[in-house]
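Here is the structure we will look at, set down as structure tokens.
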Amino acid sequence: MRLFVGIPLPDEVRAEIAAVVTELRRGGEDLRWPGPESWHITLQFLGNGGAEQSECLQERLGSVHSVAMSTRIGALGEFERPKVVFLDVEVSPELTALRRQVVSATAQCGFSPEDRPFHPHITLARAKGRGKFRGLPVPRSLRENPPRFTPFEAREFLLYESFTGEGGSRYEVRARFVLGT
């Protein structure tokens, strides 16, 4: 099973992002646009793990203690590799501390952190195929009026399982962990 740990988004924020995605889709024909149910803030991508590791994760992640945290979504951005369009997430001391605890907990179950620096974001689209990523033309309406999103309080983080298919990835929640305890 392919696993990762992330923070879910509240419905209000999903609706705000959906309005922006509607504008962006007009210029992104060579992109796959996952639906709002897949939007989250990844704390750590774990990769493949077995049932025993999944059980270990549920136990270890359950011992993570962190405050509920104010979370702010920032500007649109793009990664050339992987070919992704995203929304930045403000790096707060609380988010950094939570990620550090998550990485420590998952290491006890045999998972290693990624080599790349932590760059919290919400993936909006991925390039189709392996061709050169031409970037996303941002509509004039969004350039002149950059989107602003309602800050929200993250009150939980989740262990997800990812299923890949022809239409993209689908995620299922394997466990929920409350913040602020």
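Ligands are numbered from 1 in the order shown, chains are lettered A, B, ... in the order of the structure tokens, and residues start at 1 in each chain.
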
Find the residues near stretch 64-67 of chain A: any atom within 12 Å, counting only C-alpha atoms, skip ones fewer than 3 places away on the same chain, and give them as a PDB file with N, CA and C atoms, in the first residue's frame.
```pdb
ATOM      1  N   LEU A  57       2.403   2.600  12.118  1.00  0.00           N
ATOM      2  CA  LEU A  57       2.145   4.022  11.889  1.00  0.00           C
ATOM      3  C   LEU A  57       0.979   4.520  12.726  1.00  0.00           C
ATOM      4  N   GLN A  58      -0.088   3.741  12.764  1.00  0.00           N
ATOM      5  CA  GLN A  58      -1.259   4.164  13.525  1.00  0.00           C
ATOM      6  C   GLN A  58      -0.919   4.311  15.007  1.00  0.00           C
ATOM      7  N   GLU A  59      -0.100   3.402  15.506  1.00  0.00           N
ATOM      8  CA  GLU A  59       0.298   3.490  16.918  1.00  0.00           C
ATOM      9  C   GLU A  59       1.239   4.678  17.145  1.00  0.00           C
ATOM     10  N   ARG A  60       2.275   4.791  16.335  1.00  0.00           N
ATOM     11  CA  ARG A  60       3.282   5.849  16.529  1.00  0.00           C
ATOM     12  C   ARG A  60       2.708   7.242  16.270  1.00  0.00           C
ATOM     13  N   LEU A  61       1.930   7.388  15.202  1.00  0.00           N
ATOM     14  CA  LEU A  61       1.340   8.695  14.913  1.00  0.00           C
ATOM     15  C   LEU A  61       0.331   9.092  15.985  1.00  0.00           C
ATOM     16  N   SER A  70      -3.242  27.502  13.342  1.00  0.00           N
ATOM     17  CA  SER A  70      -3.753  28.383  12.307  1.00  0.00           C
ATOM     18  C   SER A  70      -2.957  28.109  11.037  1.00  0.00           C
ATOM     19  N   THR A  71      -3.674  27.930   9.940  1.00  0.00           N
ATOM     20  CA  THR A  71      -3.043  27.570   8.672  1.00  0.00           C
ATOM     21  C   THR A  71      -3.464  28.568   7.606  1.00  0.00           C
ATOM     22  N   PRO A  93       5.882  27.918  12.760  1.00  0.00           N
ATOM     23  CA  PRO A  93       6.638  27.094  13.705  1.00  0.00           C
ATOM     24  C   PRO A  93       5.836  25.849  14.130  1.00  0.00           C
ATOM     25  N   GLU A  94       4.519  26.000  14.277  1.00  0.00           N
ATOM     26  CA  GLU A  94       3.683  24.862  14.691  1.00  0.00           C
ATOM     27  C   GLU A  94       3.644  23.784  13.611  1.00  0.00           C
ATOM     28  N   LEU A  95       3.546  24.206  12.337  1.00  0.00           N
ATOM     29  CA  LEU A  95       3.525  23.239  11.234  1.00  0.00           C
ATOM     30  C   LEU A  95       4.872  22.525  11.132  1.00  0.00           C
ATOM     31  N   THR A  96       5.940  23.276  11.286  1.00  0.00           N
ATOM     32  CA  THR A  96       7.285  22.678  11.244  1.00  0.00           C
ATOM     33  C   THR A  96       7.460  21.670  12.382  1.00  0.00           C
ATOM     34  N   ALA A  97       6.995  22.021  13.563  1.00  0.00           N
ATOM     35  CA  ALA A  97       7.109  21.111  14.715  1.00  0.00           C
ATOM     36  C   ALA A  97       6.274  19.851  14.501  1.00  0.00           C
ATOM     37  N   LEU A  98       5.075  20.001  13.959  1.00  0.00           N
ATOM     38  CA  LEU A  98       4.234  18.834  13.675  1.00  0.00           C
ATOM     39  C   LEU A  98       4.923  17.929  12.667  1.00  0.00           C
ATOM     40  N   ARG A  99       5.437  18.498  11.612  1.00  0.00           N
ATOM     41  CA  ARG A  99       6.119  17.675  10.600  1.00  0.00           C
ATOM     42  C   ARG A  99       7.304  16.933  11.209  1.00  0.00           C
ATOM     43  N   ARG A 100       8.065  17.620  12.032  1.00  0.00           N
ATOM     44  CA  ARG A 100       9.224  16.985  12.674  1.00  0.00           C
ATOM     45  C   ARG A 100       8.775  15.781  13.508  1.00  0.00           C
ATOM     46  N   GLN A 101       7.683  15.930  14.255  1.00  0.00           N
ATOM     47  CA  GLN A 101       7.161  14.822  15.063  1.00  0.00           C
ATOM     48  C   GLN A 101       6.658  13.670  14.189  1.00  0.00           C
ATOM     49  N   VAL A 102       6.004  14.018  13.086  1.00  0.00           N
ATOM     50  CA  VAL A 102       5.501  12.990  12.166  1.00  0.00           C
ATOM     51  C   VAL A 102       6.660  12.200  11.579  1.00  0.00           C
ATOM     52  N   VAL A 103       7.691  12.901  11.131  1.00  0.00           N
ATOM     53  CA  VAL A 103       8.862  12.222  10.552  1.00  0.00           C
ATOM     54  C   VAL A 103       9.526  11.324  11.584  1.00  0.00           C
ATOM     55  N   SER A 104       9.618  11.781  12.818  1.00  0.00           N
ATOM     56  CA  SER A 104      10.204  10.975  13.887  1.00  0.00           C
ATOM     57  C   SER A 104       9.363   9.725  14.146  1.00  0.00           C
ATOM     58  N   ALA A 105       8.047   9.883  14.162  1.00  0.00           N
ATOM     59  CA  ALA A 105       7.148   8.749  14.412  1.00  0.00           C
ATOM     60  C   ALA A 105       7.212   7.735  13.276  1.00  0.00           C
ATOM     61  N   THR A 106       7.236   8.219  12.039  1.00  0.00           N
ATOM     62  CA  THR A 106       7.243   7.292  10.901  1.00  0.00           C
ATOM     63  C   THR A 106       8.583   6.570  10.770  1.00  0.00           C
ATOM     64  N   GLU A 153      -8.117  26.669  11.057  1.00  0.00           N
ATOM     65  CA  GLU A 153      -7.423  25.968  12.128  1.00  0.00           C
ATOM     66  C   GLU A 153      -7.363  24.483  11.785  1.00  0.00           C
ATOM     67  N   ALA A 154      -6.140  23.977  11.617  1.00  0.00           N
ATOM     68  CA  ALA A 154      -5.943  22.541  11.396  1.00  0.00           C
ATOM     69  C   ALA A 154      -6.126  21.849  12.736  1.00  0.00           C
ATOM     70  N   ARG A 155      -7.097  20.956  12.797  1.00  0.00           N
ATOM     71  CA  ARG A 155      -7.422  20.282  14.057  1.00  0.00           C
ATOM     72  C   ARG A 155      -7.110  18.796  14.040  1.00  0.00           C
ATOM     73  N   GLU A 156      -6.657  18.308  12.874  1.00  0.00           N
ATOM     74  CA  GLU A 156      -6.322  16.896  12.778  1.00  0.00           C
ATOM     75  C   GLU A 156      -5.347  16.684  11.627  1.00  0.00           C
ATOM     76  N   PHE A 157      -4.681  15.549  11.649  1.00  0.00           N
ATOM     77  CA  PHE A 157      -3.906  15.095  10.506  1.00  0.00           C
ATOM     78  C   PHE A 157      -4.290  13.645  10.272  1.00  0.00           C
ATOM     79  N   LEU A 158      -4.058  13.174   9.047  1.00  0.00           N
ATOM     80  CA  LEU A 158      -4.570  11.874   8.634  1.00  0.00           C
ATOM     81  C   LEU A 158      -3.476  11.005   8.039  1.00  0.00           C
ATOM     82  N   ARG A 176      -7.185   8.783  11.687  1.00  0.00           N
ATOM     83  CA  ARG A 176      -7.268  10.221  12.011  1.00  0.00           C
ATOM     84  C   ARG A 176      -6.583  10.452  13.358  1.00  0.00           C
ATOM     85  N   PHE A 177      -5.891  11.605  13.438  1.00  0.00           N
ATOM     86  CA  PHE A 177      -5.184  11.961  14.669  1.00  0.00           C
ATOM     87  C   PHE A 177      -5.526  13.402  15.022  1.00  0.00           C
ATOM     88  N   VAL A 178      -6.025  13.604  16.210  1.00  0.00           N
ATOM     89  CA  VAL A 178      -6.497  14.913  16.652  1.00  0.00           C
ATOM     90  C   VAL A 178      -5.319  15.773  17.092  1.00  0.00           C
ATOM     91  N   LEU A 179      -5.346  17.043  16.678  1.00  0.00           N
ATOM     92  CA  LEU A 179      -4.358  18.022  17.142  1.00  0.00           C
ATOM     93  C   LEU A 179      -4.956  18.809  18.295  1.00  0.00           C
ATOM     94  N   GLY A 180      -4.111  19.259  19.179  1.00  0.00           N
ATOM     95  CA  GLY A 180      -4.565  20.063  20.309  1.00  0.00           C
ATOM     96  C   GLY A 180      -4.812  19.253  21.553  1.00  0.00           C
ATOM     97  N   THR A 181      -4.338  18.013  21.561  1.00  0.00           N
ATOM     98  CA  THR A 181      -4.507  17.164  22.737  1.00  0.00           C
ATOM     99  C   THR A 181      -3.224  17.076  23.523  1.00  0.00           C
TER     100      THR A 181
END
```

#### Entry: DSSP alpha helix (DSSP H) residues within chain A, as a VMD selection string
chain A and resid 11 to 24 51 to 61 93 to 107 140 to 144

How would the residues just chosen look if you wrote them out with N, CA and C atoms as a short mmCIF file (atom, residue, chain, number, x, y, z; two decimals), in the first residue's frame?
```cif
data_model
loop_
_atom_site.label_atom_id
_atom_site.label_comp_id
_atom_site.auth_asym_id
_atom_site.auth_seq_id
_atom_site.Cartn_x
_atom_site.Cartn_y
_atom_site.Cartn_z
N ASP A 11 -14.25 22.35 4.30
CA ASP A 11 -15.11 22.54 3.13
C ASP A 11 -15.09 23.97 2.60
N GLU A 12 -15.09 24.95 3.50
CA GLU A 12 -15.08 26.35 3.09
C GLU A 12 -13.85 26.67 2.24
N VAL A 13 -12.71 26.17 2.65
CA VAL A 13 -11.47 26.42 1.91
C VAL A 13 -11.48 25.65 0.59
N ARG A 14 -11.99 24.43 0.60
CA ARG A 14 -12.11 23.66 -0.65
C ARG A 14 -12.96 24.43 -1.67
N ALA A 15 -14.04 25.04 -1.21
CA ALA A 15 -14.91 25.81 -2.12
C ALA A 15 -14.16 27.01 -2.69
N GLU A 16 -13.37 27.68 -1.87
CA GLU A 16 -12.59 28.83 -2.35
C GLU A 16 -11.55 28.38 -3.38
N ILE A 17 -10.89 27.27 -3.11
CA ILE A 17 -9.90 26.75 -4.05
C ILE A 17 -10.58 26.31 -5.33
N ALA A 18 -11.74 25.69 -5.23
CA ALA A 18 -12.47 25.22 -6.42
C ALA A 18 -12.78 26.38 -7.36
N ALA A 19 -13.12 27.54 -6.80
CA ALA A 19 -13.40 28.71 -7.63
C ALA A 19 -12.14 29.14 -8.40
N VAL A 20 -10.99 29.08 -7.76
CA VAL A 20 -9.73 29.43 -8.42
C VAL A 20 -9.39 28.39 -9.48
N VAL A 21 -9.58 27.12 -9.16
CA VAL A 21 -9.28 26.05 -10.12
C VAL A 21 -10.14 26.19 -11.37
N THR A 22 -11.39 26.59 -11.20
CA THR A 22 -12.27 26.80 -12.36
C THR A 22 -11.66 27.81 -13.32
N GLU A 23 -11.10 28.89 -12.77
CA GLU A 23 -10.43 29.90 -13.61
C GLU A 23 -9.16 29.33 -14.25
N LEU A 24 -8.38 28.60 -13.47
CA LEU A 24 -7.11 28.08 -13.97
C LEU A 24 -7.28 27.03 -15.06
N ALA A 51 1.05 -4.16 5.78
CA ALA A 51 0.03 -4.07 6.84
C ALA A 51 0.68 -3.85 8.21
N GLU A 52 1.81 -4.52 8.45
CA GLU A 52 2.49 -4.37 9.74
C GLU A 52 2.98 -2.94 9.93
N GLN A 53 3.52 -2.34 8.86
CA GLN A 53 3.97 -0.95 8.96
C GLN A 53 2.78 -0.01 9.16
N SER A 54 1.67 -0.29 8.50
CA SER A 54 0.47 0.53 8.66
C SER A 54 0.00 0.51 10.12
N GLU A 55 0.03 -0.64 10.74
CA GLU A 55 -0.35 -0.75 12.15
C GLU A 55 0.63 0.03 13.03
N CYS A 56 1.91 -0.09 12.72
CA CYS A 56 2.94 0.65 13.46
C CYS A 56 2.70 2.15 13.33
N LEU A 57 2.40 2.60 12.12
CA LEU A 57 2.15 4.02 11.89
C LEU A 57 0.98 4.52 12.73
N GLN A 58 -0.09 3.74 12.76
CA GLN A 58 -1.26 4.16 13.53
C GLN A 58 -0.92 4.31 15.01
N GLU A 59 -0.10 3.40 15.51
CA GLU A 59 0.30 3.49 16.92
C GLU A 59 1.24 4.68 17.15
N ARG A 60 2.28 4.79 16.33
CA ARG A 60 3.28 5.85 16.53
C ARG A 60 2.71 7.24 16.27
N LEU A 61 1.93 7.39 15.20
CA LEU A 61 1.34 8.70 14.91
C LEU A 61 0.33 9.09 15.98
N PRO A 93 5.88 27.92 12.76
CA PRO A 93 6.64 27.09 13.71
C PRO A 93 5.84 25.85 14.13
N GLU A 94 4.52 26.00 14.28
CA GLU A 94 3.68 24.86 14.69
C GLU A 94 3.64 23.78 13.61
N LEU A 95 3.55 24.21 12.34
CA LEU A 95 3.52 23.24 11.23
C LEU A 95 4.87 22.53 11.13
N THR A 96 5.94 23.28 11.29
CA THR A 96 7.28 22.68 11.24
C THR A 96 7.46 21.67 12.38
N ALA A 97 6.99 22.02 13.56
CA ALA A 97 7.11 21.11 14.71
C ALA A 97 6.27 19.85 14.50
N LEU A 98 5.07 20.00 13.96
CA LEU A 98 4.23 18.83 13.67
C LEU A 98 4.92 17.93 12.67
N ARG A 99 5.44 18.50 11.61
CA ARG A 99 6.12 17.67 10.60
C ARG A 99 7.30 16.93 11.21
N ARG A 100 8.06 17.62 12.03
CA ARG A 100 9.22 16.98 12.67
C ARG A 100 8.78 15.78 13.51
N GLN A 101 7.68 15.93 14.26
CA GLN A 101 7.16 14.82 15.06
C GLN A 101 6.66 13.67 14.19
N VAL A 102 6.00 14.02 13.09
CA VAL A 102 5.50 12.99 12.17
C VAL A 102 6.66 12.20 11.58
N VAL A 103 7.69 12.90 11.13
CA VAL A 103 8.86 12.22 10.55
C VAL A 103 9.53 11.32 11.58
N SER A 104 9.62 11.78 12.82
CA SER A 104 10.20 10.98 13.89
C SER A 104 9.36 9.73 14.15
N ALA A 105 8.05 9.88 14.16
CA ALA A 105 7.15 8.75 14.41
C ALA A 105 7.21 7.73 13.28
N THR A 106 7.24 8.22 12.04
CA THR A 106 7.24 7.29 10.90
C THR A 106 8.58 6.57 10.77
N ALA A 107 9.66 7.21 11.21
CA ALA A 107 10.99 6.58 11.17
C ALA A 107 10.99 5.32 12.04
N ARG A 140 -5.85 36.53 -16.59
CA ARG A 140 -5.70 37.94 -16.21
C ARG A 140 -6.45 38.26 -14.92
N SER A 141 -7.64 37.69 -14.78
CA SER A 141 -8.45 37.96 -13.58
C SER A 141 -7.70 37.57 -12.31
N LEU A 142 -6.95 36.47 -12.35
CA LEU A 142 -6.19 36.03 -11.17
C LEU A 142 -4.88 36.79 -11.01
N ARG A 143 -4.30 37.24 -12.12
CA ARG A 143 -3.07 38.05 -12.03
C ARG A 143 -3.39 39.40 -11.40
N GLU A 144 -4.50 40.00 -11.81
CA GLU A 144 -4.87 41.31 -11.31
C GLU A 144 -5.47 41.25 -9.91
#
```

### Message
Using only C-alpha atoms, can you tell me which of A:Lys128, A:Ile122, A:Arg116, A:Arg25 comes closest to A:Pro8?
### Response
A:Ile122

### Query
Expressed in Å to a single decimal, how great is the separation between atom CA of A:Leu9 and atom CA of A:Val138?
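Spanning atom CA of A:Leu9 to atom CA of A:Val138 is a straight-line distance of 23.4 Å.
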